[in-house]
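A.B. asks: To start, I am sharing the structure in question, which I have written as structure tokens.
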2 protein chains.
Amino acid sequence: MPNPKAELRERIHEWITLHREAGTALLQQMVRIASTQGNEKEVQLLVADQLRGLRMDVDMWEPDGEELAGHPYFCSPRSRFAGSPNVVGVRKGTGGGRSILLNGHVDVVPEGQRNQWAYDPYSGEVVDGKLYGRGSTDMKGGNTALLLALGAIQGLGLKLKGDVIFQSVVEEESGGAGTLAAILRGYRADAALIPEPTNFRIFPKQQGSMWFRIEVKGRSAHGGTRYEGVSAIEKSIKVVQHILALEKERNSRITDPLYANNPIPIPINLGVIQGGNWPSSVPDTVKLEGRMGVAPEEKLQDAKEEMLGWLEQLKDVDPWFAEHPPELTWFGAQWVPGSVDPEHPLMQVLMEQFRAVKQDEPVIEASPWGTDGGLLTQLGDTPCLVFGPGITQVAHYPNEHIVLEDVFVAAEIIALTLIAWCGFDRMEA
Amino acid sequence: MPNPKAELRERIHEWITLHREAGTALLQQMVRIASTQGNEKEVQLLVADQLRGLRMDVDMWEPDGEELAGHPYFCSPRSRFAGSPNVVGVRKGTGGGRSILLNGHVDVVPEGQRNQWAYDPYSGEVVDGKLYGRGSTDMKGGNTALLLALGAIQGLGLKLKGDVIFQSVVEEESGGAGTLAAILRGYRADAALIPEPTNFRIFPKQQGSMWFRIEVKGRSAHGGTRYEGVSAIEKSIKVVQHILALEKERNSRITDPLYANNPIPIPINLGVIQGGNWPSSVPDTVKLEGRMGVAPEEKLQDAKEEMLGWLEQLKDVDPWFAEHPPELTWFGAQWVPGSVDPEHPLMQVLMEQFRAVKQDEPVIEASPWGTDGGLLTQLGDTPCLVFGPGITQVAHYPNEHIVLEDVFVAAEIIALTLIAWCGFDRMEA
């Protein structure tokens, strides 16, 4: 296995150390653009500029909503992507090396209530070595690590043998339509890496997930004669309990050692309950909304069918459900699960560079959430690992931030991984 | 017991039959005024005119929000009653007879979705002997019966011995602030009658009720690692089950034969559930809203304390509740329960007139809902019966309507009841 020598490691480290300020400024610039859904163009233009600076061929296009709409993996709250371009940069290798696809999303979730933020959510404020702002961790910090890694390789004049494809995508937060569009455009590689905030853990497998809605029915009546009605709240209790039993059943089947420390590898989370609109009326409907975790090797469709079949059994729990079956719909977002063999060569390369830089043993896990990596692995034929700086605990929350040191360390590990994976044959003139 | 002779009954019947058209027109006129909360003035001016036509002394005033605010029985979503006057008409008797207080509310609940109505909700359309419109049953039909009854007594030149007090009140639908204001203004009588839609059943007792809100707490987390959080939905299941057990406990204590046919004499209805706002987050709060039925002889405060104490026991159900007790608040509406001895003399009089007019035995029950009668009985020292035309099944719903024939029959029974109760000594010149 090719392995950058200690001297090369040292030079990479030096280059990145020298470019800390520039890296910080770049991340700040990206965080200051509020690239929520539908508003990604400005940050993508910035990324495209960076890629051109890295002498990559840049492909920028708006996903075609009509083309995507018919695709079984398409899942988005919108059907038009005007103003939300993908950007892909390609640097052909000199030949004979393995290709790699680097993927990061630029869309960020909304900032929520501003008064819960200590700093403006789009300030990019740096305090005590942490850069604050929506998207700093999820995942502009990871994207900055990728760009720094590529910058170091170029800066040191290294010519990689394998192709490098850099995908800066939209729409990860809503189900992956950006990466789907990139796959359909034909981009493939021997392996892929997504620097989502794993806090340096390596995820060869990732949980997928899908959102569902269940409508539980009752029959309305005045609260004073509530026995004339049927409470959808009471019926929904049975549905919730039935779903908890399904979660138990599904998780009892998970034997993957990567989930050994996870009490619920593939949770079914009920996130929303809503029913009735008048204290003194019997509610005739309760709506439940949730997220069903999907095992790394599982097909979305199989999980959907299991849920549907399970809900059909409710009629044995309570005859009411035979006449009034709860209605199940899948809506909103979905993330395709992904599974890469822990023995995959990229795993070996990444682990080795991790050890070399961090002087520690990497933690290998299955992720408790989905990324676009599932699409790349399952649909794009490009086995994808997830590994990056930042912690998920702050993602999507007020005061999201990232430790800048982690961005630079990740950049080093990634640069060395690219060099080891793609190979290099000479310094440029 | 004084009892109008058959001949007098015949003349009352004739008078009301002759005035069917006028009665229908009056009810129509009232229904065409959308007297929802805050918009009662126009209909009250109409009622005041009617009362003056009946040679009553009219007292019209807007309840004083500041005076009411400090009263323990005050419960209203508003503190100002500008534009929402009460109207009281008083006709002094010739002396020596028992006084009576007639009470009816003019406020109506909103019409809801207009497209669910076959006719305009404020049309007063008459089809097949039914008059349609919001408030037709609840309770402008009953009010019309009162006015017709008084009209018949006047029209036949009967002078009653006892005083008649007619209260046309606001705010019954939101907790009785109108009747409370009338009580505080000093109006009292030997007994009272409210012609709410009982479908001719006689209610000497009535269930009170109060609205409550319970906030159940959890701890937020990402749905993919939901075991890091605590689901407020799962905790709310325990709260709901605990409340159902309280309902069972409270109803096991009800032995009143008037509730013999009622499966849940004093229900605790959970009408609203609402929690979480994102399918893939663990919800940290669930709000429950409901209506607690209060037994006819029970004090509101005692019922409140029982609920509070019961919820405190939740810590024995699940230690989570010891650290995170659900928060109970009483809000919105409340209706004071009421209980009149079924042997009360007005019961006897009313039952007798019912038998005479309907040639049938009256049904005596305890009502499954509250009216302003509880306030009159408990606070106003005026034992109140509830008896009137119309069925509650259509009240508060689209296509609310009343069978006009029932209004006229109720008017006859009420006229005869007033005559028998108050007594009369001569025809006017």
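Ordering of the structure tokens sets the chain letters (A, B, ...); residue numbers start at 1 within each chain; ligands are numbered from 1 in the order shown.
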Tell me which protein, DNA and RNA residues are within 10 Å of A:Arg20, counting only C-alpha atoms, leaving out same-chain ones fewer than 5 positions away, and put them as a list in words.

C.D. replies: Trp15, Ala25, Leu26, Leu148, Leu404, Glu405, Val407 and Phe408 of chain A

A.B. asks: Need to verify the contact set: stretch 350-357 of chain B, 8 Å, only C-alpha atoms, exclusion of same-chain residues closer than 5 positions in sequence. Can you return it as a ChimeraX atom specification?

C.D. replies: /B:362,409,412-414,416-417

A.B. asks: Could those selected residues go to a file with N, CA and C atoms, as a PDB file, in the first residue's frame?

C.D. replies:
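Produced file part-v8.pdb, reproduced below:
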ATOM      1  N   PRO B 362     -92.360  13.331  31.630  1.00  0.00           N
ATOM      2  CA  PRO B 362     -91.073  13.971  31.324  1.00  0.00           C
ATOM      3  C   PRO B 362     -89.884  13.101  31.720  1.00  0.00           C
ATOM      4  N   VAL B 409     -94.216  24.570  21.274  1.00  0.00           N
ATOM      5  CA  VAL B 409     -94.633  23.687  22.376  1.00  0.00           C
ATOM      6  C   VAL B 409     -93.925  24.094  23.670  1.00  0.00           C
ATOM      7  N   GLU B 412     -95.545  27.099  25.187  1.00  0.00           N
ATOM      8  CA  GLU B 412     -96.776  26.762  25.906  1.00  0.00           C
ATOM      9  C   GLU B 412     -96.471  26.234  27.310  1.00  0.00           C
ATOM     10  N   ILE B 413     -95.553  25.275  27.370  1.00  0.00           N
ATOM     11  CA  ILE B 413     -95.223  24.684  28.673  1.00  0.00           C
ATOM     12  C   ILE B 413     -94.666  25.747  29.605  1.00  0.00           C
ATOM     13  N   ILE B 414     -93.815  26.608  29.058  1.00  0.00           N
ATOM     14  CA  ILE B 414     -93.207  27.646  29.901  1.00  0.00           C
ATOM     15  C   ILE B 414     -94.263  28.657  30.361  1.00  0.00           C
ATOM     16  N   LEU B 416     -97.435  28.187  30.836  1.00  0.00           N
ATOM     17  CA  LEU B 416     -98.256  27.554  31.867  1.00  0.00           C
ATOM     18  C   LEU B 416     -97.478  27.400  33.169  1.00  0.00           C
ATOM     19  N   THR B 417     -96.177  27.143  33.050  1.00  0.00           N
ATOM     20  CA  THR B 417     -95.340  27.021  34.244  1.00  0.00           C
ATOM     21  C   THR B 417     -95.255  28.355  34.984  1.00  0.00           C
TER      22      THR B 417
END

A.B. asks: As number ranges by chain, please: every residue in stretch 63-283 of chain B that a backbone DSSP assignment puts in strand (DSSP E or B).

C.D. replies: B: 86-91, 100-105, 108, 126-127, 130-132, 158-160, 164-169, 191-194, 202-206, 208-217, 219, 222, 230, 268-275, 281

A.B. asks: At a cut-off of 9 Å, using only C-alpha atoms, what residues contact B:Val240? Leave out same-chain residues fewer than 6 positions from it and give the result as a list in words.

C.D. replies: Ile233, Glu234 and Ile237 of chain A; Leu270 and Leu288 of chain B

A.B. asks: Which residues in stretch 325-394 of chain A does DSSP call alpha helix (DSSP H)? List them as an MDAnalysis selection string.

C.D. replies: chainID A and resid 345:358 373:378

A.B. asks: Hey, can you spit out that residue selection with N, CA, C and O atoms as a PDB file, in the first residue's frame?

C.D. replies:
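Done, and the output landed in part.pdb:
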ATOM      1  N   PRO A 345     -10.353  -1.052   0.738  1.00  0.00           N
ATOM      2  CA  PRO A 345      -9.011  -0.430   0.714  1.00  0.00           C
ATOM      3  C   PRO A 345      -8.990   1.030   1.179  1.00  0.00           C
ATOM      4  O   PRO A 345      -8.046   1.444   1.850  1.00  0.00           O
ATOM      5  N   LEU A 346     -10.025   1.809   0.841  1.00  0.00           N
ATOM      6  CA  LEU A 346     -10.008   3.215   1.287  1.00  0.00           C
ATOM      7  C   LEU A 346     -10.068   3.301   2.811  1.00  0.00           C
ATOM      8  O   LEU A 346      -9.503   4.216   3.417  1.00  0.00           O
ATOM      9  N   MET A 347     -10.776   2.338   3.427  1.00  0.00           N
ATOM     10  CA  MET A 347     -10.796   2.281   4.896  1.00  0.00           C
ATOM     11  C   MET A 347      -9.374   2.147   5.424  1.00  0.00           C
ATOM     12  O   MET A 347      -8.963   2.859   6.341  1.00  0.00           O
ATOM     13  N   GLN A 348      -8.630   1.217   4.798  1.00  0.00           N
ATOM     14  CA  GLN A 348      -7.261   0.960   5.259  1.00  0.00           C
ATOM     15  C   GLN A 348      -6.396   2.205   5.115  1.00  0.00           C
ATOM     16  O   GLN A 348      -5.652   2.572   6.032  1.00  0.00           O
ATOM     17  N   VAL A 349      -6.540   2.853   3.965  1.00  0.00           N
ATOM     18  CA  VAL A 349      -5.738   4.059   3.714  1.00  0.00           C
ATOM     19  C   VAL A 349      -6.095   5.149   4.728  1.00  0.00           C
ATOM     20  O   VAL A 349      -5.213   5.767   5.338  1.00  0.00           O
ATOM     21  N   LEU A 350      -7.377   5.372   4.901  1.00  0.00           N
ATOM     22  CA  LEU A 350      -7.815   6.457   5.783  1.00  0.00           C
ATOM     23  C   LEU A 350      -7.379   6.192   7.229  1.00  0.00           C
ATOM     24  O   LEU A 350      -6.890   7.087   7.919  1.00  0.00           O
ATOM     25  N   MET A 351      -7.529   4.941   7.647  1.00  0.00           N
ATOM     26  CA  MET A 351      -7.153   4.604   9.025  1.00  0.00           C
ATOM     27  C   MET A 351      -5.658   4.836   9.252  1.00  0.00           C
ATOM     28  O   MET A 351      -5.232   5.336  10.293  1.00  0.00           O
ATOM     29  N   GLU A 352      -4.899   4.469   8.224  1.00  0.00           N
ATOM     30  CA  GLU A 352      -3.450   4.614   8.368  1.00  0.00           C
ATOM     31  C   GLU A 352      -3.047   6.091   8.483  1.00  0.00           C
ATOM     32  O   GLU A 352      -2.193   6.450   9.306  1.00  0.00           O
ATOM     33  N   GLN A 353      -3.655   6.936   7.680  1.00  0.00           N
ATOM     34  CA  GLN A 353      -3.306   8.366   7.741  1.00  0.00           C
ATOM     35  C   GLN A 353      -3.795   8.975   9.052  1.00  0.00           C
ATOM     36  O   GLN A 353      -3.151   9.859   9.616  1.00  0.00           O
ATOM     37  N   PHE A 354      -4.948   8.484   9.500  1.00  0.00           N
ATOM     38  CA  PHE A 354      -5.452   8.943  10.796  1.00  0.00           C
ATOM     39  C   PHE A 354      -4.421   8.652  11.876  1.00  0.00           C
ATOM     40  O   PHE A 354      -4.055   9.524  12.667  1.00  0.00           O
ATOM     41  N   ARG A 355      -3.959   7.406  11.888  1.00  0.00           N
ATOM     42  CA  ARG A 355      -2.972   7.003  12.901  1.00  0.00           C
ATOM     43  C   ARG A 355      -1.715   7.863  12.809  1.00  0.00           C
ATOM     44  O   ARG A 355      -1.176   8.316  13.812  1.00  0.00           O
ATOM     45  N   ALA A 356      -1.278   8.092  11.571  1.00  0.00           N
ATOM     46  CA  ALA A 356      -0.027   8.837  11.368  1.00  0.00           C
ATOM     47  C   ALA A 356      -0.154  10.270  11.895  1.00  0.00           C
ATOM     48  O   ALA A 356       0.757  10.783  12.551  1.00  0.00           O
ATOM     49  N   VAL A 357      -1.312  10.896  11.638  1.00  0.00           N
ATOM     50  CA  VAL A 357      -1.474  12.295  12.038  1.00  0.00           C
ATOM     51  C   VAL A 357      -1.883  12.420  13.498  1.00  0.00           C
ATOM     52  O   VAL A 357      -1.341  13.239  14.235  1.00  0.00           O
ATOM     53  N   LYS A 358      -2.824  11.603  13.919  1.00  0.00           N
ATOM     54  CA  LYS A 358      -3.390  11.768  15.268  1.00  0.00           C
ATOM     55  C   LYS A 358      -2.642  10.941  16.318  1.00  0.00           C
ATOM     56  O   LYS A 358      -2.879  11.099  17.510  1.00  0.00           O
ATOM     57  N   GLY A 373     -23.833  10.002   1.353  1.00  0.00           N
ATOM     58  CA  GLY A 373     -22.985   8.850   1.095  1.00  0.00           C
ATOM     59  C   GLY A 373     -23.775   7.604   0.726  1.00  0.00           C
ATOM     60  O   GLY A 373     -23.316   6.766  -0.051  1.00  0.00           O
ATOM     61  N   GLY A 374     -24.963   7.477   1.270  1.00  0.00           N
ATOM     62  CA  GLY A 374     -25.805   6.337   0.926  1.00  0.00           C
ATOM     63  C   GLY A 374     -26.129   6.321  -0.550  1.00  0.00           C
ATOM     64  O   GLY A 374     -26.045   5.284  -1.216  1.00  0.00           O
ATOM     65  N   LEU A 375     -26.471   7.480  -1.087  1.00  0.00           N
ATOM     66  CA  LEU A 375     -26.766   7.581  -2.521  1.00  0.00           C
ATOM     67  C   LEU A 375     -25.537   7.233  -3.348  1.00  0.00           C
ATOM     68  O   LEU A 375     -25.627   6.488  -4.337  1.00  0.00           O
ATOM     69  N   LEU A 376     -24.394   7.785  -2.957  1.00  0.00           N
ATOM     70  CA  LEU A 376     -23.168   7.521  -3.725  1.00  0.00           C
ATOM     71  C   LEU A 376     -22.865   6.032  -3.743  1.00  0.00           C
ATOM     72  O   LEU A 376     -22.528   5.457  -4.781  1.00  0.00           O
ATOM     73  N   THR A 377     -22.994   5.380  -2.562  1.00  0.00           N
ATOM     74  CA  THR A 377     -22.661   3.960  -2.457  1.00  0.00           C
ATOM     75  C   THR A 377     -23.681   3.091  -3.188  1.00  0.00           C
ATOM     76  O   THR A 377     -23.345   2.258  -4.019  1.00  0.00           O
ATOM     77  N   GLN A 378     -24.969   3.324  -2.855  1.00  0.00           N
ATOM     78  CA  GLN A 378     -26.030   2.433  -3.369  1.00  0.00           C
ATOM     79  C   GLN A 378     -26.332   2.690  -4.833  1.00  0.00           C
ATOM     80  O   GLN A 378     -26.480   1.778  -5.620  1.00  0.00           O
TER      81      GLN A 378
END

A.B. asks: Skipping near chain neighbours, those fewer than 5 positions away, what residues fall within 9 Å of A:Leu300 using only C-alpha atoms, listed as number ranges by chain?

C.D. replies: A: 208-210, 294-295, 305, 334-337

A.B. asks: When you look at stretch 165-181 of chain B with a cut-off of 8 Å (counting only C-alpha atoms), what residues show up, excluding the ones that are within fewer than 6 positions of it in the same chain? I need them as a PDB file with C-alpha atoms, in the first residue's frame.

C.D. replies:
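Writing done, so here's out.pdb:
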ATOM      1  CA  GLN B  37     -68.482  37.090  21.279  1.00  0.00           C
ATOM      2  CA  GLU B  40     -73.896  40.979  20.919  1.00  0.00           C
ATOM      3  CA  GLN B  44     -79.544  42.803  22.704  1.00  0.00           C
ATOM      4  CA  VAL B  47     -84.379  41.860  22.869  1.00  0.00           C
ATOM      5  CA  PRO B  63     -70.441  44.191  32.467  1.00  0.00           C
ATOM      6  CA  ASP B  64     -67.552  45.822  34.285  1.00  0.00           C
ATOM      7  CA  LEU B  68     -65.527  40.840  37.481  1.00  0.00           C
ATOM      8  CA  TYR B  73     -66.175  32.563  39.516  1.00  0.00           C
ATOM      9  CA  PHE B  74     -65.027  34.897  36.770  1.00  0.00           C
ATOM     10  CA  CYS B  75     -63.683  33.054  33.765  1.00  0.00           C
ATOM     11  CA  SER B  76     -63.460  34.671  30.381  1.00  0.00           C
ATOM     12  CA  PRO B  77     -60.972  35.043  27.565  1.00  0.00           C
ATOM     13  CA  SER B  84     -71.444  43.327  24.834  1.00  0.00           C
ATOM     14  CA  PRO B  85     -74.286  44.537  27.068  1.00  0.00           C
ATOM     15  CA  ASN B  86     -76.490  42.406  29.244  1.00  0.00           C
ATOM     16  CA  VAL B  87     -80.213  43.131  29.123  1.00  0.00           C
ATOM     17  CA  VAL B  88     -82.598  42.464  31.979  1.00  0.00           C
ATOM     18  CA  GLY B  89     -86.329  43.049  31.902  1.00  0.00           C
ATOM     19  CA  VAL B  90     -88.347  43.087  35.135  1.00  0.00           C
ATOM     20  CA  ARG B  91     -92.102  42.889  35.475  1.00  0.00           C
ATOM     21  CA  SER B  99     -90.867  35.145  41.645  1.00  0.00           C
ATOM     22  CA  ILE B 100     -89.083  33.586  38.706  1.00  0.00           C
ATOM     23  CA  LEU B 101     -85.923  34.360  36.824  1.00  0.00           C
ATOM     24  CA  LEU B 102     -85.761  33.446  33.145  1.00  0.00           C
ATOM     25  CA  ASN B 103     -82.309  33.356  31.654  1.00  0.00           C
ATOM     26  CA  GLY B 104     -81.054  32.881  28.114  1.00  0.00           C
ATOM     27  CA  HIS B 105     -77.780  33.738  26.425  1.00  0.00           C
ATOM     28  CA  VAL B 106     -77.523  35.541  23.120  1.00  0.00           C
ATOM     29  CA  ASP B 107     -73.875  34.841  22.344  1.00  0.00           C
ATOM     30  CA  VAL B 108     -73.271  32.170  19.719  1.00  0.00           C
ATOM     31  CA  VAL B 109     -70.149  30.194  18.861  1.00  0.00           C
ATOM     32  CA  TYR B 187     -80.950  39.980  40.532  1.00  0.00           C
ATOM     33  CA  ALA B 189     -85.686  35.132  42.424  1.00  0.00           C
ATOM     34  CA  GLY B 332     -60.308  29.314  28.964  1.00  0.00           C
ATOM     35  CA  ALA B 333     -63.791  28.446  30.021  1.00  0.00           C
ATOM     36  CA  GLN B 334     -65.383  27.036  33.122  1.00  0.00           C
ATOM     37  CA  TRP B 335     -68.989  26.278  33.959  1.00  0.00           C
ATOM     38  CA  THR B 371     -74.995  26.159  31.609  1.00  0.00           C
ATOM     39  CA  ASP B 372     -75.281  29.452  33.435  1.00  0.00           C
ATOM     40  CA  LEU B 375     -73.968  30.104  38.662  1.00  0.00           C
ATOM     41  CA  LEU B 376     -77.596  31.035  39.364  1.00  0.00           C
TER      42      LEU B 376
END

A.B. asks: Kindly determine which residues of chain A lie within 8 Å of chain B, considering only C-alpha atoms, and give the answer as JSON, numbers by chain.

C.D. replies: {"A": [211, 212, 223, 224, 225, 226, 227, 233, 234, 237, 240, 263, 264, 266, 267, 268, 269, 270, 271, 272, 273, 274, 275, 276, 277, 278, 279, 280, 281, 282, 283, 286, 289, 290, 291, 293, 368, 369]}

A.B. asks: So, with only C-alpha atoms as the atoms that count, which of B:Asn199, B:Thr24, B:Ser79, B:Thr137 lies closest to B:Gly38?

C.D. replies: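 Distance minimum relative to B:Gly38 lands on B:Ser79.
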
A.B. asks: State, in Å with one decimal place, the distance from atom CA of A:Arg201 to atom CA of A:Ile364.

C.D. replies: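 Rounded to one decimal, the two atoms are 5.9 Å apart.
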
A.B. asks: If we count only C-alpha atoms and set the cut-off at 7 Å, which residues sit around B:Asp138, ignoring sequence neighbours fewer than 3 positions away in its own chain? Please answer as a list in words.

C.D. replies: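 Once the nearby chain positions are removed, what remains is Gly135, Glu196, Pro197 and Ala395 of chain B.
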
A.B. asks: Under the rule that only C-alpha atoms are counted, which of A:Leu18, A:Ala149, A:Ile419, A:Ala69 is the nearest residue to A:Lys161?

C.D. replies: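 Among A:Leu18, A:Ala149, A:Ile419, A:Ala69, it is A:Ile419 that comes nearest to A:Lys161.
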
A.B. asks: Report, in Å with one decimal, the straight-line distance from atom CA of B:Arg52 to atom CA of B:Phe387.

C.D. replies: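 Separating atom CA of B:Arg52 from atom CA of B:Phe387 is a distance of 24.9 Å.
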
A.B. asks: So what do you get for atom CA of B:Lys205 versus atom CA of B:Pro296, distance-wise?

C.D. replies: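 We find that atom CA of B:Lys205 and atom CA of B:Pro296 lie 5.8 Å from each other.
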